[in-house]
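Asker: This is the structure I want to talk about, given as structure tokens.
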Number of protein chains: 2
Amino acid sequence: MNEFDFLKKLRERARAGGPGSGVVRGIGDDAAVLTSSPDRNVVISTDLLLEDVDFRLATTRPDLLGHKALAVSLSDIAAMGARPRWALLSIAVTEAVWQSDFLDQFYKGFFQLADRLGVKLIGGDLSKTDAKIAVDSIVLGESSTGHEVMRAGARPGDQIYVTGFLGDAAAGLRLLERGARIHTNSTGRRETNSVDHLLLRQLQPDPRVGWGILLGEQQLATSMIDISDGLSSDLNHLCAESSVGALVDASRLPIDSVVREICGRRALDPLMLALHGGEDYELLFTVAPENVSRLPKRVDAVSVTRIGEIKEAADGVQISEGAKVWKLDPGGWEHFSE
Amino acid sequence: MNEFDFLKKLRERARAGGPGSGVVRGIGDDAAVLTSSPDRNVVISTDLLLEDVDFRLATTRPDLLGHKALAVSLSDIAAMGARPRWALLSIAVTEAVWQSDFLDQFYKGFFQLADRLGVKLIGGDLSKTDAKIAVDSIVLGESSTGHEVMRAGARPGDQIYVTGFLGDAAAGLRLLERGARIHTNSTGRRETNSVDHLLLRQLQPDPRVGWGILLGEQQLATSMIDISDGLSSDLNHLCAESSVGALVDASRLPIDSVVREICGRRALDPLMLALHGGEDYELLFTVAPENVSRLPKRVDAVSVTRIGEIKEAADGVQISEGAKVWKLDPGGWEHFSE
């Protein structure tokens, strides 16, 4: 059984219960939604970050890791259209890491992001291990009842949008793999060096919390997911949950000129990074045609780009490049028709 | 800096915020308490379980581990006087474990306990690692506003109680270390063998959820903590948070005859196990003198025992054995006076 089938089985198993359970949404979305009061719900998500799976000590810094641990779960809360409020953090470290200033730096990065967004650390667990570092990041948010934006909800004719740029984090990962390293004093806020910019997009992603809150509060999105696995995978997840198809226009994908430039020099295809590269933590959402004009141009200086349209389920998930249309499969694309 | 000092610093750092934060109780109790609606709060706790730190694959079974992962966090919710409602589970396993039936068995044990208590699995994360198994168990509960039972709240004169028996889990751990193994078909519910009984008290602890709910709802306890580190440590935690002292009567400690018998045969001191052995997941709580008569004899067939009395802070945390009184330090005891 593969991971997808296992999670599907688990979701079926967990679903048993129903009314009175207080569960608005359980397994199967970016975060779970619980009934809290008549007018507010609680949204909660958790993400594991494992050494040598999700990060390497040789290529990141403890403060960037503390930031990222929080950021990935904040991104899930944003993808529900909710406002993040509280966090818990479980972390297992070796004795050697414990004796170093790793945790001081880790929490420094964590609190810098948490304070900026008004998120409170309310608990967690701290444990020593003789194995690798493991971090579990838990974030809770709040939403007005019924304002949560699920993966399900997209309808044919809805316009597909993404925040920011795609492929940056994947380009950053390629640079790390080829030996590039972040300069010790980079802050991620006003970097001037294009390599540093991409490395930080990988190591210190900025979750689109402002966009998430706006889209939820103003009920502008019919569906939403955050792009953690890559556009191709996450668009397929969204379409599967919404029982729809989609057509993405390759020429509309927001690819930063920095990515194009770096790719050009390193024989990488920027389109492949934008489609299949993960960890951008941008938001992918759909908007009904009548609401398109209500969408702001920017939130927190981050713009959005319309990249395609929701289609009938029978059309599948496709991408057009000029006159050609291809099937857009998760993590890859297959020739479909001319 | 030791772990205690680090957590103290973290708690101070996290405290920054205050009114409007929605946090009734943050770091420093068995679970955090969040404002949910005018009449209800949400209580949340998380616990890491790490292979070769908290469990060994050679001495447990996957289904027992699934049970225990949920049980330890349920115990934290019970210790707040709250009702557990929802759970999330993050788990990292190796490819070899993934290919086995480990997770099927793990979730079987998890759901058996969850279903019995009406707790819903609403999310989590599943990741592959090349290191050891790591499980992070998150449980959320609900309480009527103001009915949460904190560690702080004990007053001099309050009577000190524990549920069930003390030292069972520590005795079970000693038996495991000496080569005893659980029989494959033991269910933990109607064991007849005394060794199996103690092994299951270690491997499949039964959180005192019924007692926790009752003590919270009926506002019978002035303070509460669950006994995960051992009575001596956890009583000291409770007294520190309440700014009080305590006097425990050694002769009153509830030690199962099975523990006395096993200890007698193996040259172990049952009193040491009861005082300093961890992982009993019993509840330790205090009751104001005027409420002692309202305490039920049993909840879910689990009885409680009065083991001592809360004293002034200046008296410290002590234990009497006959005419002798000793200082009861966390994890050990020191000669104090004759």
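As shown in the structure tokens, the chain order sets the letters A, B, ...; within each chain, residues go from 1, and ligands are also counted from 1 in the order they appear.
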Counting only C-alpha atoms, which residues from chain B have an atom at most 7 Å from any atom of chain A, and could you show them as JSON, numbers by chain?
Answerer: {"B": [14, 26, 27, 32, 36, 37, 46, 47, 48, 53, 90, 120, 121, 122, 123, 124, 125, 129, 131, 132, 136]}
Asker: Any idea what's packed within 9 Å of A:Asp256, counting only C-alpha atoms, ignoring anything in its chain fewer than 2 positions away? Could you give it as a list in words?
Answerer: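 Contacts, in chain order: Gly164, Phe165, Leu166, Gly167, Asp168, Pro254, Val258, Val259, Arg260 and Glu261 of chain A.
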Asker: Those residues with N, CA, C and O atoms, as a PDB file, in the first residue's frame please?
Answerer:
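The resulting file, selection_18.pdb, is shown below:
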```pdb
ATOM      1  N   GLY A 164       2.444  35.265  -5.108  1.00  0.00           N
ATOM      2  CA  GLY A 164       3.898  35.338  -5.255  1.00  0.00           C
ATOM      3  C   GLY A 164       4.451  34.671  -6.502  1.00  0.00           C
ATOM      4  O   GLY A 164       3.868  34.777  -7.588  1.00  0.00           O
ATOM      5  N   PHE A 165       5.568  33.976  -6.338  1.00  0.00           N
ATOM      6  CA  PHE A 165       6.258  33.332  -7.451  1.00  0.00           C
ATOM      7  C   PHE A 165       6.406  31.837  -7.212  1.00  0.00           C
ATOM      8  O   PHE A 165       6.467  31.394  -6.062  1.00  0.00           O
ATOM      9  N   LEU A 166       6.513  31.095  -8.293  1.00  0.00           N
ATOM     10  CA  LEU A 166       6.654  29.641  -8.186  1.00  0.00           C
ATOM     11  C   LEU A 166       8.048  29.193  -8.624  1.00  0.00           C
ATOM     12  O   LEU A 166       8.607  29.744  -9.568  1.00  0.00           O
ATOM     13  N   GLY A 167       8.579  28.193  -7.954  1.00  0.00           N
ATOM     14  CA  GLY A 167       9.857  27.610  -8.353  1.00  0.00           C
ATOM     15  C   GLY A 167      11.057  28.171  -7.619  1.00  0.00           C
ATOM     16  O   GLY A 167      12.164  27.636  -7.730  1.00  0.00           O
ATOM     17  N   ASP A 168      10.832  29.228  -6.839  1.00  0.00           N
ATOM     18  CA  ASP A 168      11.951  29.842  -6.112  1.00  0.00           C
ATOM     19  C   ASP A 168      12.598  28.854  -5.148  1.00  0.00           C
ATOM     20  O   ASP A 168      13.826  28.721  -5.096  1.00  0.00           O
ATOM     21  N   PRO A 254       3.798  32.595 -12.690  1.00  0.00           N
ATOM     22  CA  PRO A 254       4.681  33.661 -12.198  1.00  0.00           C
ATOM     23  C   PRO A 254       6.058  33.100 -11.831  1.00  0.00           C
ATOM     24  O   PRO A 254       6.221  32.473 -10.781  1.00  0.00           O
ATOM     25  N   VAL A 258      14.803  36.201 -11.426  1.00  0.00           N
ATOM     26  CA  VAL A 258      15.975  35.625 -10.756  1.00  0.00           C
ATOM     27  C   VAL A 258      16.055  34.116 -11.021  1.00  0.00           C
ATOM     28  O   VAL A 258      17.133  33.574 -11.249  1.00  0.00           O
ATOM     29  N   VAL A 259      14.913  33.458 -10.996  1.00  0.00           N
ATOM     30  CA  VAL A 259      14.881  32.015 -11.250  1.00  0.00           C
ATOM     31  C   VAL A 259      15.254  31.731 -12.704  1.00  0.00           C
ATOM     32  O   VAL A 259      16.054  30.827 -12.993  1.00  0.00           O
ATOM     33  N   ARG A 260      14.696  32.525 -13.613  1.00  0.00           N
ATOM     34  CA  ARG A 260      15.016  32.330 -15.038  1.00  0.00           C
ATOM     35  C   ARG A 260      16.516  32.505 -15.275  1.00  0.00           C
ATOM     36  O   ARG A 260      17.137  31.726 -16.002  1.00  0.00           O
ATOM     37  N   GLU A 261      17.072  33.527 -14.652  1.00  0.00           N
ATOM     38  CA  GLU A 261      18.490  33.841 -14.833  1.00  0.00           C
ATOM     39  C   GLU A 261      19.380  32.711 -14.282  1.00  0.00           C
ATOM     40  O   GLU A 261      20.275  32.208 -14.957  1.00  0.00           O
TER      41      GLU A 261
END
```
Asker: Show me, as JSON, numbers by chain, the residues that have an atom within 6 Å of B:Ile319 when counting only C-alpha atoms, minus same-chain residues fewer than 2 positions from it.
Answerer: {"B": [247, 248, 249, 325, 326, 328]}
Asker: Could you please take those selected residues and save C-alpha atoms as a short mmCIF file (atom, residue, chain, number, x, y, z; two decimals), in the first residue's frame?
Answerer:
```cif
data_model
loop_
_atom_site.label_atom_id
_atom_site.label_comp_id
_atom_site.auth_asym_id
_atom_site.auth_seq_id
_atom_site.Cartn_x
_atom_site.Cartn_y
_atom_site.Cartn_z
CA LEU B 247 3.62 16.17 53.83
CA VAL B 248 3.09 12.68 52.38
CA ASP B 249 2.52 9.66 54.64
CA VAL B 325 10.18 12.88 58.41
CA TRP B 326 12.33 13.28 55.34
CA LEU B 328 11.05 14.45 49.45
#
```
Asker: Can you pull out the residues contacting A:Leu231? Cut-off 9 Å, using only C-alpha atoms, and skip same-chain residues under 3 positions away; I want them as an MDAnalysis selection string.
Answerer: chainID A and resid 166 226:228 234:236 274:278 284 330:331
Asker: For those residues, write all heavy atoms to a file as a tab-separated table (two decimals), in the first residue's frame.
Answerer:
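Result saved to part-v3.tsv:
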```
chain	number	residue	atom	x	y	z
A	166	LEU	N	6.51	31.10	-8.29
A	166	LEU	CA	6.65	29.64	-8.19
A	166	LEU	C	8.05	29.19	-8.62
A	166	LEU	O	8.61	29.74	-9.57
A	166	LEU	CB	5.61	28.94	-9.07
A	166	LEU	CG	4.15	29.21	-8.72
A	166	LEU	CD1	3.23	28.49	-9.72
A	166	LEU	CD2	3.85	28.76	-7.29
A	226	ASP	N	-2.29	25.17	0.08
A	226	ASP	CA	-0.97	25.80	-0.03
A	226	ASP	C	-0.06	24.92	-0.87
A	226	ASP	O	-0.24	23.71	-0.95
A	226	ASP	CB	-0.35	26.14	1.34
A	226	ASP	CG	0.24	24.93	2.05
A	226	ASP	OD1	-0.33	23.83	1.92
A	226	ASP	OD2	1.27	25.09	2.73
A	227	ILE	N	0.88	25.55	-1.55
A	227	ILE	CA	1.75	24.80	-2.47
A	227	ILE	C	2.98	24.33	-1.71
A	227	ILE	O	3.98	25.04	-1.61
A	227	ILE	CB	2.13	25.66	-3.69
A	227	ILE	CG1	0.85	26.12	-4.40
A	227	ILE	CG2	3.01	24.85	-4.66
A	227	ILE	CD1	1.10	26.96	-5.65
A	228	SER	N	2.88	23.14	-1.15
A	228	SER	CA	4.01	22.57	-0.43
A	228	SER	C	4.65	21.46	-1.25
A	228	SER	O	5.87	21.31	-1.26
A	228	SER	CB	3.56	22.04	0.93
A	228	SER	OG	2.46	21.17	0.80
A	234	ASP	N	-0.34	19.84	-5.97
A	234	ASP	CA	-1.34	20.50	-5.12
A	234	ASP	C	-2.58	20.90	-5.92
A	234	ASP	O	-3.69	20.86	-5.40
A	234	ASP	CB	-0.71	21.66	-4.37
A	234	ASP	CG	0.32	21.16	-3.34
A	234	ASP	OD1	-0.01	20.19	-2.62
A	234	ASP	OD2	1.43	21.69	-3.27
A	235	LEU	N	-2.41	21.25	-7.19
A	235	LEU	CA	-3.58	21.53	-8.02
A	235	LEU	C	-4.39	20.24	-8.22
A	235	LEU	O	-5.63	20.25	-8.21
A	235	LEU	CB	-3.15	22.10	-9.38
A	235	LEU	CG	-4.29	22.39	-10.37
A	235	LEU	CD1	-5.31	23.37	-9.79
A	235	LEU	CD2	-3.74	22.93	-11.70
A	236	ASN	N	-3.69	19.13	-8.39
A	236	ASN	CA	-4.41	17.85	-8.51
A	236	ASN	C	-5.15	17.50	-7.22
A	236	ASN	O	-6.26	16.98	-7.25
A	236	ASN	CB	-3.44	16.73	-8.91
A	236	ASN	CG	-3.33	16.59	-10.43
A	236	ASN	OD1	-4.21	16.01	-11.07
A	236	ASN	ND2	-2.28	17.16	-11.01
A	274	ALA	N	8.80	25.53	-11.52
A	274	ALA	CA	7.55	26.21	-11.15
A	274	ALA	C	6.40	25.22	-11.03
A	274	ALA	O	5.52	25.37	-10.18
A	274	ALA	CB	7.21	27.29	-12.16
A	275	LEU	N	6.39	24.20	-11.89
A	275	LEU	CA	5.28	23.24	-11.89
A	275	LEU	C	5.43	22.17	-10.82
A	275	LEU	O	4.46	21.78	-10.17
A	275	LEU	CB	5.19	22.53	-13.24
A	275	LEU	CG	4.57	23.33	-14.38
A	275	LEU	CD1	4.69	22.54	-15.68
A	275	LEU	CD2	3.11	23.64	-14.07
A	276	HIS	N	6.66	21.68	-10.66
A	276	HIS	CA	6.83	20.48	-9.83
A	276	HIS	C	7.71	20.69	-8.61
A	276	HIS	O	7.82	19.80	-7.78
A	276	HIS	CB	7.41	19.34	-10.68
A	276	HIS	CG	6.68	19.15	-11.97
A	276	HIS	ND1	5.33	18.92	-12.01
A	276	HIS	CD2	7.10	19.17	-13.26
A	276	HIS	CE1	4.95	18.80	-13.29
A	276	HIS	NE2	6.00	18.96	-14.06
A	277	GLY	N	8.37	21.83	-8.53
A	277	GLY	CA	9.21	22.09	-7.36
A	277	GLY	C	8.34	22.36	-6.15
A	277	GLY	O	7.34	23.08	-6.24
A	278	GLY	N	8.67	21.83	-5.03
A	278	GLY	CA	7.85	21.99	-3.84
A	278	GLY	C	8.35	23.11	-2.95
A	278	GLY	O	9.28	23.82	-3.29
A	284	LEU	N	-2.57	28.59	-3.50
A	284	LEU	CA	-3.25	28.32	-4.76
A	284	LEU	C	-4.74	28.36	-4.46
A	284	LEU	O	-5.21	27.63	-3.57
A	284	LEU	CB	-2.83	26.92	-5.25
A	284	LEU	CG	-3.59	26.30	-6.42
A	284	LEU	CD1	-3.34	27.08	-7.71
A	284	LEU	CD2	-3.17	24.84	-6.60
A	330	PRO	N	0.59	14.93	-11.13
A	330	PRO	CA	1.37	15.33	-9.96
A	330	PRO	C	2.84	14.98	-10.15
A	330	PRO	O	3.17	13.84	-10.49
A	330	PRO	CB	0.78	14.49	-8.82
A	330	PRO	CG	-0.58	14.11	-9.28
A	330	PRO	CD	-0.48	13.98	-10.78
A	331	GLY	N	3.70	15.97	-10.00
A	331	GLY	CA	5.14	15.71	-10.04
A	331	GLY	C	5.69	15.41	-11.41
A	331	GLY	O	6.86	15.05	-11.56
```
Asker: Fewer than 5 positions away in the same chain doesn't count, so skip those; otherwise give me all residues within 12 Å of B:Gln159, counting only C-alpha atoms, as number ranges by chain.
Answerer: B: 154, 220-224, 245-249, 284-293, 295, 304-311
Asker: Selection from above, N, CA and C atoms, as a PDB file, in the first residue's frame, can you write it?
Answerer:
```
ATOM      1  N   ALA B 154      -3.369  24.695  44.987  1.00  0.00           N
ATOM      2  CA  ALA B 154      -3.380  23.980  46.264  1.00  0.00           C
ATOM      3  C   ALA B 154      -3.136  24.956  47.406  1.00  0.00           C
ATOM      4  N   LEU B 220     -14.041  19.781  42.250  1.00  0.00           N
ATOM      5  CA  LEU B 220     -13.665  19.158  43.524  1.00  0.00           C
ATOM      6  C   LEU B 220     -12.184  19.310  43.850  1.00  0.00           C
ATOM      7  N   ALA B 221     -11.359  19.549  42.831  1.00  0.00           N
ATOM      8  CA  ALA B 221      -9.910  19.604  43.077  1.00  0.00           C
ATOM      9  C   ALA B 221      -9.423  21.050  43.036  1.00  0.00           C
ATOM     10  N   THR B 222      -8.514  21.395  43.944  1.00  0.00           N
ATOM     11  CA  THR B 222      -7.942  22.748  43.937  1.00  0.00           C
ATOM     12  C   THR B 222      -6.709  22.815  43.040  1.00  0.00           C
ATOM     13  N   SER B 223      -6.082  21.663  42.803  1.00  0.00           N
ATOM     14  CA  SER B 223      -4.930  21.594  41.897  1.00  0.00           C
ATOM     15  C   SER B 223      -4.794  20.157  41.421  1.00  0.00           C
ATOM     16  N   MET B 224      -4.119  19.972  40.299  1.00  0.00           N
ATOM     17  CA  MET B 224      -3.961  18.601  39.770  1.00  0.00           C
ATOM     18  C   MET B 224      -2.782  18.554  38.809  1.00  0.00           C
ATOM     19  N   GLY B 245       3.956  23.779  50.489  1.00  0.00           N
ATOM     20  CA  GLY B 245       4.692  22.569  50.815  1.00  0.00           C
ATOM     21  C   GLY B 245       3.722  21.400  50.921  1.00  0.00           C
ATOM     22  N   ALA B 246       4.223  20.234  51.307  1.00  0.00           N
ATOM     23  CA  ALA B 246       3.351  19.059  51.426  1.00  0.00           C
ATOM     24  C   ALA B 246       3.981  18.070  52.386  1.00  0.00           C
ATOM     25  N   LEU B 247       3.125  17.275  53.025  1.00  0.00           N
ATOM     26  CA  LEU B 247       3.620  16.166  53.833  1.00  0.00           C
ATOM     27  C   LEU B 247       2.880  14.907  53.389  1.00  0.00           C
ATOM     28  N   VAL B 248       3.659  13.948  52.852  1.00  0.00           N
ATOM     29  CA  VAL B 248       3.089  12.684  52.382  1.00  0.00           C
ATOM     30  C   VAL B 248       3.356  11.618  53.439  1.00  0.00           C
ATOM     31  N   ASP B 249       2.367  10.763  53.691  1.00  0.00           N
ATOM     32  CA  ASP B 249       2.522   9.658  54.639  1.00  0.00           C
ATOM     33  C   ASP B 249       2.869   8.394  53.847  1.00  0.00           C
ATOM     34  N   LEU B 284      -2.666  13.071  40.410  1.00  0.00           N
ATOM     35  CA  LEU B 284      -2.329  13.564  41.745  1.00  0.00           C
ATOM     36  C   LEU B 284      -3.091  14.867  41.915  1.00  0.00           C
ATOM     37  N   PHE B 285      -3.953  14.936  42.924  1.00  0.00           N
ATOM     38  CA  PHE B 285      -4.748  16.161  43.066  1.00  0.00           C
ATOM     39  C   PHE B 285      -4.992  16.501  44.528  1.00  0.00           C
ATOM     40  N   THR B 286      -5.417  17.733  44.745  1.00  0.00           N
ATOM     41  CA  THR B 286      -5.656  18.204  46.108  1.00  0.00           C
ATOM     42  C   THR B 286      -7.113  18.629  46.248  1.00  0.00           C
ATOM     43  N   VAL B 287      -7.663  18.406  47.453  1.00  0.00           N
ATOM     44  CA  VAL B 287      -9.072  18.684  47.725  1.00  0.00           C
ATOM     45  C   VAL B 287      -9.164  19.503  49.012  1.00  0.00           C
ATOM     46  N   ALA B 288      -9.934  20.572  48.958  1.00  0.00           N
ATOM     47  CA  ALA B 288     -10.143  21.383  50.166  1.00  0.00           C
ATOM     48  C   ALA B 288     -10.882  20.537  51.201  1.00  0.00           C
ATOM     49  N   PRO B 289     -10.574  20.707  52.515  1.00  0.00           N
ATOM     50  CA  PRO B 289     -11.158  19.847  53.555  1.00  0.00           C
ATOM     51  C   PRO B 289     -12.682  19.748  53.469  1.00  0.00           C
ATOM     52  N   GLU B 290     -13.341  20.864  53.158  1.00  0.00           N
ATOM     53  CA  GLU B 290     -14.809  20.854  53.148  1.00  0.00           C
ATOM     54  C   GLU B 290     -15.393  20.043  51.982  1.00  0.00           C
ATOM     55  N   ASN B 291     -14.563  19.725  51.007  1.00  0.00           N
ATOM     56  CA  ASN B 291     -15.063  18.971  49.853  1.00  0.00           C
ATOM     57  C   ASN B 291     -14.703  17.493  49.880  1.00  0.00           C
ATOM     58  N   VAL B 292     -13.919  17.087  50.873  1.00  0.00           N
ATOM     59  CA  VAL B 292     -13.448  15.702  50.936  1.00  0.00           C
ATOM     60  C   VAL B 292     -14.622  14.712  50.915  1.00  0.00           C
ATOM     61  N   SER B 293     -15.697  15.060  51.624  1.00  0.00           N
ATOM     62  CA  SER B 293     -16.835  14.133  51.722  1.00  0.00           C
ATOM     63  C   SER B 293     -17.598  14.001  50.403  1.00  0.00           C
ATOM     64  N   LEU B 295     -16.180  13.587  47.512  1.00  0.00           N
ATOM     65  CA  LEU B 295     -15.375  12.802  46.573  1.00  0.00           C
ATOM     66  C   LEU B 295     -15.955  11.388  46.429  1.00  0.00           C
ATOM     67  N   VAL B 304      -9.525   6.148  44.670  1.00  0.00           N
ATOM     68  CA  VAL B 304      -8.516   7.153  45.028  1.00  0.00           C
ATOM     69  C   VAL B 304      -8.067   6.932  46.470  1.00  0.00           C
ATOM     70  N   THR B 305      -6.874   7.390  46.765  1.00  0.00           N
ATOM     71  CA  THR B 305      -6.310   7.233  48.104  1.00  0.00           C
ATOM     72  C   THR B 305      -5.775   8.576  48.587  1.00  0.00           C
ATOM     73  N   ARG B 306      -6.101   8.913  49.826  1.00  0.00           N
ATOM     74  CA  ARG B 306      -5.541  10.118  50.424  1.00  0.00           C
ATOM     75  C   ARG B 306      -4.144   9.785  50.922  1.00  0.00           C
ATOM     76  N   ILE B 307      -3.148  10.535  50.458  1.00  0.00           N
ATOM     77  CA  ILE B 307      -1.762  10.185  50.800  1.00  0.00           C
ATOM     78  C   ILE B 307      -1.065  11.256  51.642  1.00  0.00           C
ATOM     79  N   GLY B 308      -1.727  12.379  51.882  1.00  0.00           N
ATOM     80  CA  GLY B 308      -1.060  13.398  52.689  1.00  0.00           C
ATOM     81  C   GLY B 308      -1.800  14.710  52.668  1.00  0.00           C
ATOM     82  N   GLU B 309      -1.103  15.770  53.065  1.00  0.00           N
ATOM     83  CA  GLU B 309      -1.746  17.073  53.230  1.00  0.00           C
ATOM     84  C   GLU B 309      -0.829  18.186  52.739  1.00  0.00           C
ATOM     85  N   ILE B 310      -1.430  19.209  52.180  1.00  0.00           N
ATOM     86  CA  ILE B 310      -0.671  20.386  51.735  1.00  0.00           C
ATOM     87  C   ILE B 310      -0.294  21.231  52.966  1.00  0.00           C
ATOM     88  N   LYS B 311       0.957  21.702  52.972  1.00  0.00           N
ATOM     89  CA  LYS B 311       1.477  22.495  54.097  1.00  0.00           C
ATOM     90  C   LYS B 311       1.921  23.868  53.587  1.00  0.00           C
TER      91      LYS B 311
END
```
Asker: If we count only C-alpha atoms and set the cut-off at 9 Å, which residues sit around A:Lys108, ignoring sequence neighbours fewer than 6 positions away in its own chain? Please answer as a list in words.
Answerer: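 Close residues of A:Lys108: Pro62, Asp63, Gly66 and His67 of chain A.
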Asker: Generate a file of the selected residues that holds all heavy atoms, formatted as a CSV table (one decimal), in the first residue's frame.
Answerer:
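Writing the result to part02.csv gives the following:
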```
chain,number,residue,atom,x,y,z
A,62,PRO,N,20.2,27.3,12.5
A,62,PRO,CA,19.2,27.0,13.5
A,62,PRO,C,18.1,28.1,13.5
A,62,PRO,O,16.9,27.7,13.6
A,62,PRO,CB,19.9,27.0,14.8
A,62,PRO,CG,21.3,26.7,14.4
A,62,PRO,CD,21.6,27.2,13.1
A,63,ASP,N,18.4,29.3,13.3
A,63,ASP,CA,17.3,30.4,13.3
A,63,ASP,C,16.4,30.3,12.1
A,63,ASP,O,15.2,30.5,12.2
A,63,ASP,CB,17.9,31.8,13.5
A,63,ASP,CG,18.8,32.1,12.3
A,63,ASP,OD1,19.6,31.3,11.8
A,63,ASP,OD2,18.8,33.3,11.8
A,66,GLY,N,14.1,27.3,12.8
A,66,GLY,CA,13.0,27.7,13.7
A,66,GLY,C,11.9,28.5,13.0
A,66,GLY,O,10.8,28.3,13.3
A,67,HIS,N,12.4,29.4,12.1
A,67,HIS,CA,11.4,30.2,11.3
A,67,HIS,C,10.6,29.2,10.4
A,67,HIS,O,9.4,29.2,10.4
A,67,HIS,CB,12.2,31.1,10.4
A,67,HIS,CG,11.3,31.8,9.4
A,67,HIS,ND1,10.9,33.2,9.5
A,67,HIS,CD2,10.8,31.4,8.3
A,67,HIS,CE1,10.2,33.5,8.5
A,67,HIS,NE2,10.1,32.4,7.7
```
Asker: List every residue of stretch 100-325 of chain B that DSSP, applied to the backbone of this structure, assigns to strand (DSSP E), and report them as an mmCIF file with C-alpha atoms, in the first residue's frame.
Answerer:
```
data_model
loop_
_atom_site.group_PDB
_atom_site.id
_atom_site.type_symbol
_atom_site.label_atom_id
_atom_site.label_comp_id
_atom_site.auth_asym_id
_atom_site.auth_seq_id
_atom_site.Cartn_x
_atom_site.Cartn_y
_atom_site.Cartn_z
ATOM 1 C CA LYS B 120 -11.762 11.716 17.081
ATOM 2 C CA LEU B 121 -8.577 11.645 15.019
ATOM 3 C CA ILE B 122 -8.722 14.870 12.994
ATOM 4 C CA GLY B 123 -5.246 15.224 11.510
ATOM 5 C CA GLY B 124 -1.534 14.661 11.710
ATOM 6 C CA ASP B 125 1.505 14.116 9.581
ATOM 7 C CA LEU B 126 3.134 10.968 8.239
ATOM 8 C CA SER B 127 6.752 11.022 7.193
ATOM 9 C CA LYS B 128 9.489 8.586 6.293
ATOM 10 C CA ALA B 134 9.234 9.385 16.318
ATOM 11 C CA VAL B 135 5.624 9.951 17.333
ATOM 12 C CA ASP B 136 4.080 13.250 18.374
ATOM 13 C CA SER B 137 0.682 12.867 19.960
ATOM 14 C CA ILE B 138 -1.579 15.899 20.221
ATOM 15 C CA VAL B 139 -4.882 15.860 22.085
ATOM 16 C CA LEU B 140 -7.458 18.628 22.407
ATOM 17 C CA GLY B 141 -10.167 18.707 25.012
ATOM 18 C CA GLU B 142 -12.928 20.965 26.223
ATOM 19 C CA SER B 143 -13.722 22.406 29.625
ATOM 20 C CA SER B 144 -16.367 24.690 31.046
ATOM 21 C CA GLN B 159 -5.811 16.875 51.302
ATOM 22 C CA ILE B 160 -3.597 15.148 48.722
ATOM 23 C CA TYR B 161 -5.018 12.276 46.678
ATOM 24 C CA VAL B 162 -3.830 9.897 43.964
ATOM 25 C CA THR B 163 -5.872 7.666 41.701
ATOM 26 C CA SER B 223 -4.930 21.594 41.897
ATOM 27 C CA MET B 224 -3.961 18.601 39.770
ATOM 28 C CA ILE B 225 -1.086 17.073 37.784
ATOM 29 C CA ASP B 226 -0.628 13.681 36.172
ATOM 30 C CA ILE B 227 2.104 11.415 37.480
ATOM 31 C CA GLY B 245 4.692 22.569 50.815
ATOM 32 C CA ALA B 246 3.351 19.059 51.426
ATOM 33 C CA LEU B 247 3.620 16.166 53.833
ATOM 34 C CA VAL B 248 3.089 12.684 52.382
ATOM 35 C CA ASP B 249 2.522 9.658 54.639
ATOM 36 C CA GLU B 282 -2.274 8.354 37.658
ATOM 37 C CA LEU B 283 -3.706 11.702 38.735
ATOM 38 C CA LEU B 284 -2.329 13.564 41.745
ATOM 39 C CA PHE B 285 -4.748 16.161 43.066
ATOM 40 C CA THR B 286 -5.656 18.204 46.108
ATOM 41 C CA VAL B 287 -9.072 18.684 47.725
ATOM 42 C CA ARG B 298 -14.612 5.124 42.528
ATOM 43 C CA VAL B 299 -14.852 6.366 38.951
ATOM 44 C CA VAL B 302 -10.632 3.233 39.797
ATOM 45 C CA SER B 303 -10.390 4.235 43.446
ATOM 46 C CA VAL B 304 -8.516 7.153 45.028
ATOM 47 C CA THR B 305 -6.310 7.233 48.104
ATOM 48 C CA ARG B 306 -5.541 10.118 50.424
ATOM 49 C CA ILE B 307 -1.762 10.185 50.800
ATOM 50 C CA GLY B 308 -1.060 13.398 52.689
ATOM 51 C CA GLU B 309 -1.746 17.073 53.230
ATOM 52 C CA ILE B 310 -0.671 20.386 51.735
ATOM 53 C CA LYS B 311 1.477 22.495 54.097
ATOM 54 C CA VAL B 317 7.843 18.876 50.438
ATOM 55 C CA GLN B 318 8.253 16.065 52.950
ATOM 56 C CA ILE B 319 7.445 12.431 53.558
ATOM 57 C CA SER B 320 6.869 10.743 56.903
ATOM 58 C CA GLU B 321 7.630 7.123 57.606
ATOM 59 C CA LYS B 324 10.614 9.967 60.833
ATOM 60 C CA VAL B 325 10.178 12.880 58.412
#
```
Asker: If you run DSSP on the backbone, which residues of stretch 59-291 of chain A are helix (DSSP H, G or I), as a VMD selection string?
Answerer: chain A and resid 62 to 78 95 to 99 102 to 117 168 to 177 194 to 203 209 to 217 231 to 242 250 to 252 257 to 266 270 to 276 289 to 291
